[in-house]
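Here's start_20.cif, which has mmCIF, C-alpha atoms:
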data_structure
#
loop_
_atom_site.group_PDB
_atom_site.id
_atom_site.type_symbol
_atom_site.label_atom_id
_atom_site.label_comp_id
_atom_site.auth_asym_id
_atom_site.auth_seq_id
_atom_site.Cartn_x
_atom_site.Cartn_y
_atom_site.Cartn_z
ATOM 1 C CA MET W 1 102.759 122.423 101.601
ATOM 2 C CA LYS W 2 101.160 121.696 98.266
ATOM 3 C CA THR W 3 99.836 124.434 96.008
ATOM 4 C CA THR W 4 96.974 123.338 93.741
ATOM 5 C CA THR W 5 96.461 124.485 90.164
ATOM 6 C CA ASN W 6 94.048 127.206 91.355
ATOM 7 C CA GLY W 7 96.538 128.520 93.918
ATOM 8 C CA GLU W 8 95.093 126.884 97.048
ATOM 9 C CA LYS W 9 97.573 125.654 99.638
ATOM 10 C CA ARG W 10 96.982 122.272 101.261
ATOM 11 C CA ILE W 11 98.781 120.587 104.139
ATOM 12 C CA ARG W 12 100.108 117.187 103.069
ATOM 13 C CA VAL W 13 99.362 114.666 105.839
ATOM 14 C CA ALA W 14 100.798 111.153 106.000
ATOM 15 C CA ILE W 15 98.445 108.806 107.866
ATOM 16 C CA TYR W 16 100.633 106.373 109.796
ATOM 17 C CA GLY W 17 98.041 103.854 110.936
ATOM 18 C CA GLY W 18 98.368 100.793 113.108
ATOM 19 C CA ALA W 19 97.183 99.003 116.196
ATOM 20 C CA TYR W 20 99.948 100.525 118.354
ATOM 21 C CA ASP W 21 99.428 97.774 120.886
ATOM 22 C CA PRO W 22 101.651 99.241 122.305
ATOM 23 C CA VAL W 23 103.392 102.057 120.445
ATOM 24 C CA THR W 24 107.163 101.458 120.382
ATOM 25 C CA LEU W 25 110.363 103.445 119.937
ATOM 26 C CA ASP W 26 110.620 102.046 116.410
ATOM 27 C CA HIS W 27 107.244 103.619 115.628
ATOM 28 C CA MET W 28 108.580 106.944 116.882
ATOM 29 C CA ARG W 29 111.778 106.650 114.851
ATOM 30 C CA LEU W 30 109.823 105.863 111.712
ATOM 31 C CA ALA W 31 107.465 108.792 112.295
ATOM 32 C CA ALA W 32 110.511 111.034 112.713
ATOM 33 C CA GLN W 33 111.819 109.876 109.353
ATOM 34 C CA ILE W 34 108.465 110.168 107.565
ATOM 35 C CA ILE W 35 108.257 113.829 108.565
ATOM 36 C CA ARG W 36 111.635 114.366 106.872
ATOM 37 C CA SER W 37 110.145 113.365 103.527
ATOM 38 C CA ASP W 38 109.826 116.007 100.849
ATOM 39 C CA ASP W 39 106.261 114.738 100.252
ATOM 40 C CA VAL W 40 104.949 115.285 103.804
ATOM 41 C CA ASP W 41 104.094 118.311 105.956
ATOM 42 C CA GLU W 42 102.563 116.454 108.919
ATOM 43 C CA VAL W 43 102.426 112.879 110.220
ATOM 44 C CA TRP W 44 99.317 111.649 112.031
ATOM 45 C CA LEU W 45 99.607 108.452 114.053
ATOM 46 C CA THR W 46 96.188 106.859 113.703
ATOM 47 C CA PRO W 47 95.436 103.995 116.103
ATOM 48 C CA CYS W 48 92.729 101.727 114.748
ATOM 49 C CA GLY W 49 89.477 100.902 116.463
ATOM 50 C CA PRO W 50 88.452 97.344 117.424
ATOM 51 C CA ARG W 51 89.175 94.921 114.584
ATOM 52 C CA PRO W 52 87.027 91.840 113.888
ATOM 53 C CA ASP W 53 89.975 90.179 112.096
ATOM 54 C CA LYS W 54 92.496 90.674 114.896
ATOM 55 C CA LYS W 55 92.144 90.418 118.650
ATOM 56 C CA LEU W 56 93.769 93.498 120.156
ATOM 57 C CA LYS W 57 95.145 93.278 123.670
ATOM 58 C CA THR W 58 94.082 96.686 124.948
ATOM 59 C CA ALA W 59 91.154 99.050 124.531
ATOM 60 C CA THR W 60 91.273 101.693 121.822
ATOM 61 C CA HIS W 61 91.379 104.551 124.326
ATOM 62 C CA ASP W 62 94.467 103.019 125.983
ATOM 63 C CA ARG W 63 96.290 102.680 122.661
ATOM 64 C CA TRP W 64 95.273 106.221 121.700
ATOM 65 C CA ALA W 65 96.471 107.546 125.081
ATOM 66 C CA MET W 66 99.813 105.730 124.747
ATOM 67 C CA CYS W 67 100.302 107.289 121.307
ATOM 68 C CA HIS W 68 99.668 110.736 122.791
ATOM 69 C CA VAL W 69 102.085 110.090 125.641
ATOM 70 C CA ALA W 70 104.706 108.830 123.190
ATOM 71 C CA VAL W 71 104.422 111.758 120.771
ATOM 72 C CA ASN W 72 104.309 114.424 123.498
ATOM 73 C CA SER W 73 107.295 112.987 125.373
ATOM 74 C CA PHE W 74 109.429 111.936 122.393
ATOM 75 C CA PHE W 75 109.150 114.898 120.008
ATOM 76 C CA PRO W 76 109.502 118.651 120.514
ATOM 77 C CA PRO W 77 106.186 120.508 120.137
ATOM 78 C CA GLU W 78 107.463 122.240 116.999
ATOM 79 C CA LEU W 79 107.636 118.936 115.092
ATOM 80 C CA PRO W 80 104.322 118.380 113.239
ATOM 81 C CA ILE W 81 103.677 114.814 114.403
ATOM 82 C CA LYS W 82 100.201 114.328 115.860
ATOM 83 C CA VAL W 83 97.731 111.654 116.967
ATOM 84 C CA CYS W 84 94.458 111.251 115.079
ATOM 85 C CA ALA W 85 91.309 110.160 116.921
ATOM 86 C CA VAL W 86 89.156 109.406 113.872
ATOM 87 C CA ASP W 87 88.851 105.709 114.802
ATOM 88 C CA VAL W 88 88.934 105.943 118.595
ATOM 89 C CA HIS W 89 85.230 106.046 119.465
ATOM 90 C CA ARG W 90 83.986 103.642 116.826
ATOM 91 C CA GLU W 91 82.549 100.197 117.535
ATOM 92 C CA ASN W 92 84.763 98.719 114.800
ATOM 93 C CA ALA W 93 87.797 100.017 112.948
ATOM 94 C CA MET W 94 87.116 101.854 109.721
ATOM 95 C CA PHE W 95 88.279 100.366 106.452
ATOM 96 C CA THR W 96 91.267 102.227 105.027
ATOM 97 C CA TYR W 97 89.355 103.649 102.075
ATOM 98 C CA ASP W 98 86.507 104.841 104.305
ATOM 99 C CA LEU W 99 88.944 106.389 106.769
ATOM 100 C CA LEU W 100 90.837 108.329 104.105
ATOM 101 C CA ARG W 101 87.623 109.502 102.463
ATOM 102 C CA LYS W 102 86.227 110.690 105.800
ATOM 103 C CA LEU W 103 89.383 112.628 106.598
ATOM 104 C CA SER W 104 89.406 114.096 103.094
ATOM 105 C CA GLN W 105 85.806 115.240 103.564
ATOM 106 C CA ASP W 106 86.386 116.571 107.094
ATOM 107 C CA TYR W 107 89.419 118.589 105.954
ATOM 108 C CA ARG W 108 88.220 119.391 102.444
ATOM 109 C CA GLY W 109 90.211 122.180 100.825
ATOM 110 C CA THR W 110 92.840 122.418 103.586
ATOM 111 C CA HIS W 111 94.529 119.002 103.805
ATOM 112 C CA GLU W 112 95.590 116.232 101.450
ATOM 113 C CA PHE W 113 96.090 112.699 102.802
ATOM 114 C CA SER W 114 98.449 109.863 101.939
ATOM 115 C CA PHE W 115 98.730 106.445 103.589
ATOM 116 C CA VAL W 116 101.913 104.872 104.964
ATOM 117 C CA ILE W 117 102.516 101.143 104.495
ATOM 118 C CA GLY W 118 105.486 98.824 104.836
ATOM 119 C CA SER W 119 106.982 96.780 102.024
ATOM 120 C CA ASP W 120 105.739 93.695 103.913
ATOM 121 C CA TRP W 121 102.252 94.646 102.659
ATOM 122 C CA LEU W 122 103.388 94.315 99.048
ATOM 123 C CA GLN W 123 104.563 90.722 99.017
ATOM 124 C CA PRO W 124 103.334 87.932 96.700
ATOM 125 C CA GLY W 125 99.817 86.898 97.634
ATOM 126 C CA THR W 126 98.745 90.345 98.799
ATOM 127 C CA ASP W 127 96.826 92.793 96.624
ATOM 128 C CA ILE W 128 95.574 96.100 97.975
ATOM 129 C CA ARG W 129 93.170 96.294 95.046
ATOM 130 C CA THR W 130 91.135 93.549 96.759
ATOM 131 C CA TRP W 131 90.736 95.513 100.001
ATOM 132 C CA GLU W 132 87.192 96.125 101.135
ATOM 133 C CA SER W 133 85.255 99.097 102.428
ATOM 134 C CA GLN W 134 81.685 99.582 103.599
ATOM 135 C CA ASP W 135 80.740 99.546 99.900
ATOM 136 C CA GLY W 136 82.397 96.199 99.151
ATOM 137 C CA ILE W 137 85.675 95.691 97.304
ATOM 138 C CA THR W 138 87.009 99.182 96.595
ATOM 139 C CA GLY W 139 90.757 98.635 96.723
ATOM 140 C CA HIS W 140 91.051 99.727 93.100
ATOM 141 C CA LYS W 141 89.566 103.105 94.074
ATOM 142 C CA LEU W 142 91.869 103.326 97.085
ATOM 143 C CA VAL W 143 95.055 102.999 95.022
ATOM 144 C CA GLU W 144 93.761 105.395 92.372
ATOM 145 C CA GLU W 145 92.530 108.159 94.676
ATOM 146 C CA PHE W 146 95.265 108.305 97.336
ATOM 147 C CA ASP W 147 99.048 108.393 97.498
ATOM 148 C CA PHE W 148 100.866 105.545 99.255
ATOM 149 C CA ILE W 149 104.212 106.077 100.970
ATOM 150 C CA VAL W 150 106.105 102.791 101.267
ATOM 151 C CA LEU W 151 108.627 102.071 104.033
ATOM 152 C CA ARG W 152 111.329 99.512 103.335
ATOM 153 C CA ARG W 153 110.969 96.671 105.843
ATOM 154 C CA PRO W 154 113.960 94.441 106.613
ATOM 155 C CA GLY W 155 113.533 91.103 104.829
ATOM 156 C CA TYR W 156 110.692 92.321 102.591
ATOM 157 C CA ASP W 157 112.207 93.376 99.294
ATOM 158 C CA ILE W 158 110.059 94.307 96.308
ATOM 159 C CA GLN W 159 110.620 92.728 92.910
ATOM 160 C CA GLY W 160 110.010 95.227 90.097
ATOM 161 C CA GLU W 161 108.629 98.757 90.251
ATOM 162 C CA LEU W 162 106.168 100.098 92.811
ATOM 163 C CA THR W 163 103.841 101.150 90.005
ATOM 164 C CA GLN W 164 102.796 97.501 89.634
ATOM 165 C CA PHE W 165 100.770 97.962 92.833
ATOM 166 C CA GLY W 166 99.118 101.222 91.820
ATOM 167 C CA PRO W 167 99.785 104.515 90.064
ATOM 168 C CA ARG W 168 100.403 106.521 93.260
ATOM 169 C CA PHE W 169 102.889 104.366 95.183
ATOM 170 C CA LYS W 170 106.266 105.835 96.084
ATOM 171 C CA TRP W 171 109.157 104.912 98.363
ATOM 172 C CA LEU W 172 109.711 107.030 101.429
ATOM 173 C CA ASN W 173 112.485 109.443 100.527
ATOM 174 C CA VAL W 174 113.990 111.426 103.382
ATOM 175 C CA ASP W 175 115.806 114.730 102.968
ATOM 176 C CA SER W 176 119.159 114.699 101.235
ATOM 177 C CA GLY W 177 121.889 113.917 103.733
ATOM 178 C CA TYR W 178 119.661 111.620 105.783
ATOM 179 C CA GLU W 179 119.706 107.846 105.613
ATOM 180 C CA LEU W 180 116.552 105.836 106.289
ATOM 181 C CA ILE W 181 116.971 103.811 109.488
ATOM 182 C CA GLU W 182 115.040 100.593 109.068
ATOM 183 C CA GLY W 183 113.045 98.987 111.852
ATOM 184 C CA ASN W 184 110.008 96.770 112.190
ATOM 185 C CA GLY W 185 108.304 98.596 115.072
ATOM 186 C CA SER W 186 107.277 95.269 116.577
ATOM 187 C CA SER W 187 104.604 95.624 119.219
ATOM 188 C CA THR W 188 104.343 91.835 119.306
ATOM 189 C CA ALA W 189 107.914 91.502 120.587
ATOM 190 C CA VAL W 190 107.161 93.978 123.363
ATOM 191 C CA ARG W 191 103.983 92.159 124.388
ATOM 192 C CA ASN W 192 105.727 88.787 124.361
ATOM 193 C CA ARG W 193 108.516 90.018 126.596
ATOM 194 C CA LEU W 194 106.065 91.553 129.061
ATOM 195 C CA LYS W 195 104.009 88.399 129.118
ATOM 196 C CA THR W 196 106.906 86.007 129.628
ATOM 197 C CA THR W 197 108.911 88.074 132.121
ATOM 198 C CA LYS W 198 106.011 89.705 134.018
ATOM 199 C CA ASP W 199 108.462 92.583 134.403
ATOM 200 C CA VAL W 200 107.450 95.971 133.007
ATOM 201 C CA TYR W 201 111.048 97.168 132.998
ATOM 202 C CA SER W 202 112.068 94.339 130.673
ATOM 203 C CA VAL W 203 110.874 96.541 127.783
ATOM 204 C CA ALA W 204 112.690 99.675 128.920
ATOM 205 C CA GLY W 205 114.408 101.037 125.827
ATOM 206 C CA LEU W 206 111.853 99.406 123.516
ATOM 207 C CA VAL W 207 108.981 101.782 124.259
ATOM 208 C CA PRO W 208 109.070 105.505 125.144
ATOM 209 C CA SER W 209 109.545 106.084 128.862
ATOM 210 C CA GLY W 210 106.118 107.686 129.206
ATOM 211 C CA VAL W 211 104.512 104.635 127.589
ATOM 212 C CA LEU W 212 106.434 102.394 129.988
ATOM 213 C CA GLY W 213 104.927 104.359 132.871
ATOM 214 C CA TYR W 214 101.438 104.067 131.358
ATOM 215 C CA ILE W 215 101.788 100.290 130.943
ATOM 216 C CA ARG W 216 102.951 100.001 134.545
ATOM 217 C CA ARG W 217 100.188 102.236 135.931
ATOM 218 C CA GLU W 218 97.399 100.522 133.978
ATOM 219 C CA ASN W 219 98.880 97.032 134.454
ATOM 220 C CA LEU W 220 98.760 96.242 130.728
ATOM 221 C CA TYR W 221 100.032 93.110 128.965
ATOM 222 C CA VAL W 222 101.839 91.432 131.886
ATOM 223 C CA ASN W 223 98.802 89.420 132.994
ATOM 224 C CA ASP W 224 97.616 88.433 129.518
ATOM 225 C CA ASP W 225 96.611 84.737 129.414
ATOM 226 C CA ASP W 226 96.164 84.563 125.642
ATOM 227 C CA ASP W 227 98.967 82.496 124.071
ATOM 228 C CA SER W 228 98.270 83.508 120.467
ATOM 229 C CA ASP W 229 101.146 86.002 120.402
ATOM 230 C CA LEU W 230 103.613 83.295 121.299
ATOM 231 C CA LEU W 231 102.739 80.952 118.431
#
Would you mind giving the structure from this file in structure tokens?
Amino acid sequence: MKTTTNGEKRIRVAIYGGAYDPVTLDHMRLAAQIIRSDDVDEVWLTPCGPRPDKKLKTATHDRWAMCHVAVNSFFPPELPIKVCAVDVHRENAMFTYDLLRKLSQDYRGTHEFSFVIGSDWLQPGTDIRTWESQDGITGHKLVEEFDFIVLRRPGYDIQGELTQFGPRFKWLNVDSGYELIEGNGSSTAVRNRLKTTKDVYSVAGLVPSGVLGYIRRENLYVNDDDDSDLL
């Protein structure tokens, strides 16, 4: 917990956003490692709302429910890993800057928010400073006002220092004695296997068992006729 200059204590929350279409065991493993960071008190999985730039395979409420099932079945209740519903009932997903500002306003004085990204977001040709919000291009404000926790992604090394991307970027550092286990958390691989095999149990061991049961019960992904994932 962070103590401010005037003595106030604030809970440090890492927003681990994504489509979670579906949530995978790699997502759970990464959340478990984020919570071991010295810079984090809680981790909030935050499934995004509908995105105009990306066709999601399942409804927001299904992805939100799968995240809840995954967290509740994978982690003990004492571990401060939660699911955030800030984007669930919206017509379109919030921009990152708008989302973090809303959470900061909703939890003013009690919580402080950082945003988790992978090193694949910091490759040549990408620039978070160009990201938009409802007020236009505000990426420069985003990197100045909020901390970013960067996960090392296999195959996506960073040349130079993280400070080139913004003043508040830092690598995820887990507690001493722990080694970061890398993974890509690929929902796409899970969807592709379900689509090609038509067998829900083909992804056993890739998603939490409760999520597997949810996919089976709701008949998700196996009857998808969209070939875009396979390209």
Practice task
One decimal, Å: what's the distance from atom CA of W:Ser202 over to atom CA of W:Ala70, could you say?
Solution key: 17.9 Å
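Considering only C-alpha atoms, the residue among W:Asn219, W:Thr60, W:Asn72, W:Asn173 positioned nearest to W:Arg152 is W:Asn173.
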Handout entry: Pairwise distance for atom CA of W:Leu206 and atom CA of W:Val190, rounded to one decimal in Å
Key =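 Computed distance, atom CA of W:Leu206 to atom CA of W:Val190, equals 7.2 Å.
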Practice task
Name the residues that the PyMOL selection byres ((chain W and resi 40) around 9) picks from the file above, as number ranges by chain, using the file's chain letters and numbers.
Solution key: W: 1, 11-14, 34-39, 41-43, 114
Problem - Spatial neighbours of W:Leu151, 6 Å, all atoms listed in the file, chain gap at least 4 places, as a VMD selection string - result: chain W and resid 118 to 119 172
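Proximity of W:Asp106, W:Asp157, W:Asp62, W:Cys67 to W:Arg217, computed with all atoms listed in the file, is greatest for W:Asp62.
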Return the padded bounding box of stretch 140-154 of chain W as JSON: axis-aligned, built from all atoms listed in the file, 8 Å added on each side, with centre and edge lengths in Å to one decimal.
{"center_x": 101.8, "center_y": 101.4, "center_z": 99.5, "size_x": 40.4, "size_y": 30.0, "size_z": 30.2}
Handout entry: Residue contacts of W:Ile137 (12 Å, only C-alpha atoms) excluding same-chain residues fewer than 4 positions away, as a ChimeraX atom specification
Key = /W:95-98,127-133,141-142
Exercise for the section: Work out how far atom CA of W:Val86 is from atom CA of W:Ser186, in Å to one decimal. Expected result: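 Separating atom CA of W:Ser186 from atom CA of W:Val86 is a distance of 23.1 Å.
Proximity of W:Arg193, W:Ala65, W:Met28, W:Ile15 to W:Gly213, computed with all atoms listed in the file, is greatest for W:Ala65.
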Exercise for the section: Counting only C-alpha atoms, figure out which residue out of W:Arg168, W:His89, W:Arg153, W:Arg191 gets nearest to W:Tyr20. Expected result: W:Arg191
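When all atoms listed in the file are used to measure the gap to W:Ile215, the shortest distance among W:Arg90, W:Arg63, W:Arg108, W:Lys170 belongs to W:Arg63.
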Go through the shown structure with the PyMOL selection byres ((chain W and resi 194) around 12) and write out the matching residues as a PDB file with C-alpha atoms, in the frame of the given file.
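Resulting contents of out.pdb:
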ATOM      1  CA  PRO W  22     101.651  99.241 122.305  1.00  0.00           C
ATOM      2  CA  SER W 187     104.604  95.624 119.219  1.00  0.00           C
ATOM      3  CA  THR W 188     104.343  91.835 119.306  1.00  0.00           C
ATOM      4  CA  ALA W 189     107.914  91.502 120.587  1.00  0.00           C
ATOM      5  CA  VAL W 190     107.161  93.978 123.363  1.00  0.00           C
ATOM      6  CA  ARG W 191     103.983  92.159 124.388  1.00  0.00           C
ATOM      7  CA  ASN W 192     105.727  88.787 124.361  1.00  0.00           C
ATOM      8  CA  ARG W 193     108.516  90.018 126.596  1.00  0.00           C
ATOM      9  CA  LYS W 195     104.009  88.399 129.118  1.00  0.00           C
ATOM     10  CA  THR W 196     106.906  86.007 129.628  1.00  0.00           C
ATOM     11  CA  THR W 197     108.911  88.074 132.121  1.00  0.00           C
ATOM     12  CA  LYS W 198     106.011  89.705 134.018  1.00  0.00           C
ATOM     13  CA  ASP W 199     108.462  92.583 134.403  1.00  0.00           C
ATOM     14  CA  VAL W 200     107.450  95.971 133.007  1.00  0.00           C
ATOM     15  CA  TYR W 201     111.048  97.168 132.998  1.00  0.00           C
ATOM     16  CA  SER W 202     112.068  94.339 130.673  1.00  0.00           C
ATOM     17  CA  VAL W 203     110.874  96.541 127.783  1.00  0.00           C
ATOM     18  CA  ALA W 204     112.690  99.675 128.920  1.00  0.00           C
ATOM     19  CA  LEU W 206     111.853  99.406 123.516  1.00  0.00           C
ATOM     20  CA  VAL W 207     108.981 101.782 124.259  1.00  0.00           C
ATOM     21  CA  LEU W 212     106.434 102.394 129.988  1.00  0.00           C
ATOM     22  CA  ILE W 215     101.788 100.290 130.943  1.00  0.00           C
ATOM     23  CA  ARG W 216     102.951 100.001 134.545  1.00  0.00           C
ATOM     24  CA  ASN W 219      98.880  97.032 134.454  1.00  0.00           C
ATOM     25  CA  LEU W 220      98.760  96.242 130.728  1.00  0.00           C
ATOM     26  CA  TYR W 221     100.032  93.110 128.965  1.00  0.00           C
ATOM     27  CA  VAL W 222     101.839  91.432 131.886  1.00  0.00           C
ATOM     28  CA  ASN W 223      98.802  89.420 132.994  1.00  0.00           C
ATOM     29  CA  ASP W 224      97.616  88.433 129.518  1.00  0.00           C
ATOM     30  CA  ASP W 225      96.611  84.737 129.414  1.00  0.00           C
ATOM     31  CA  ASP W 229     101.146  86.002 120.402  1.00  0.00           C
ATOM     32  CA  LEU W 230     103.613  83.295 121.299  1.00  0.00           C
TER      33      LEU W 230
END
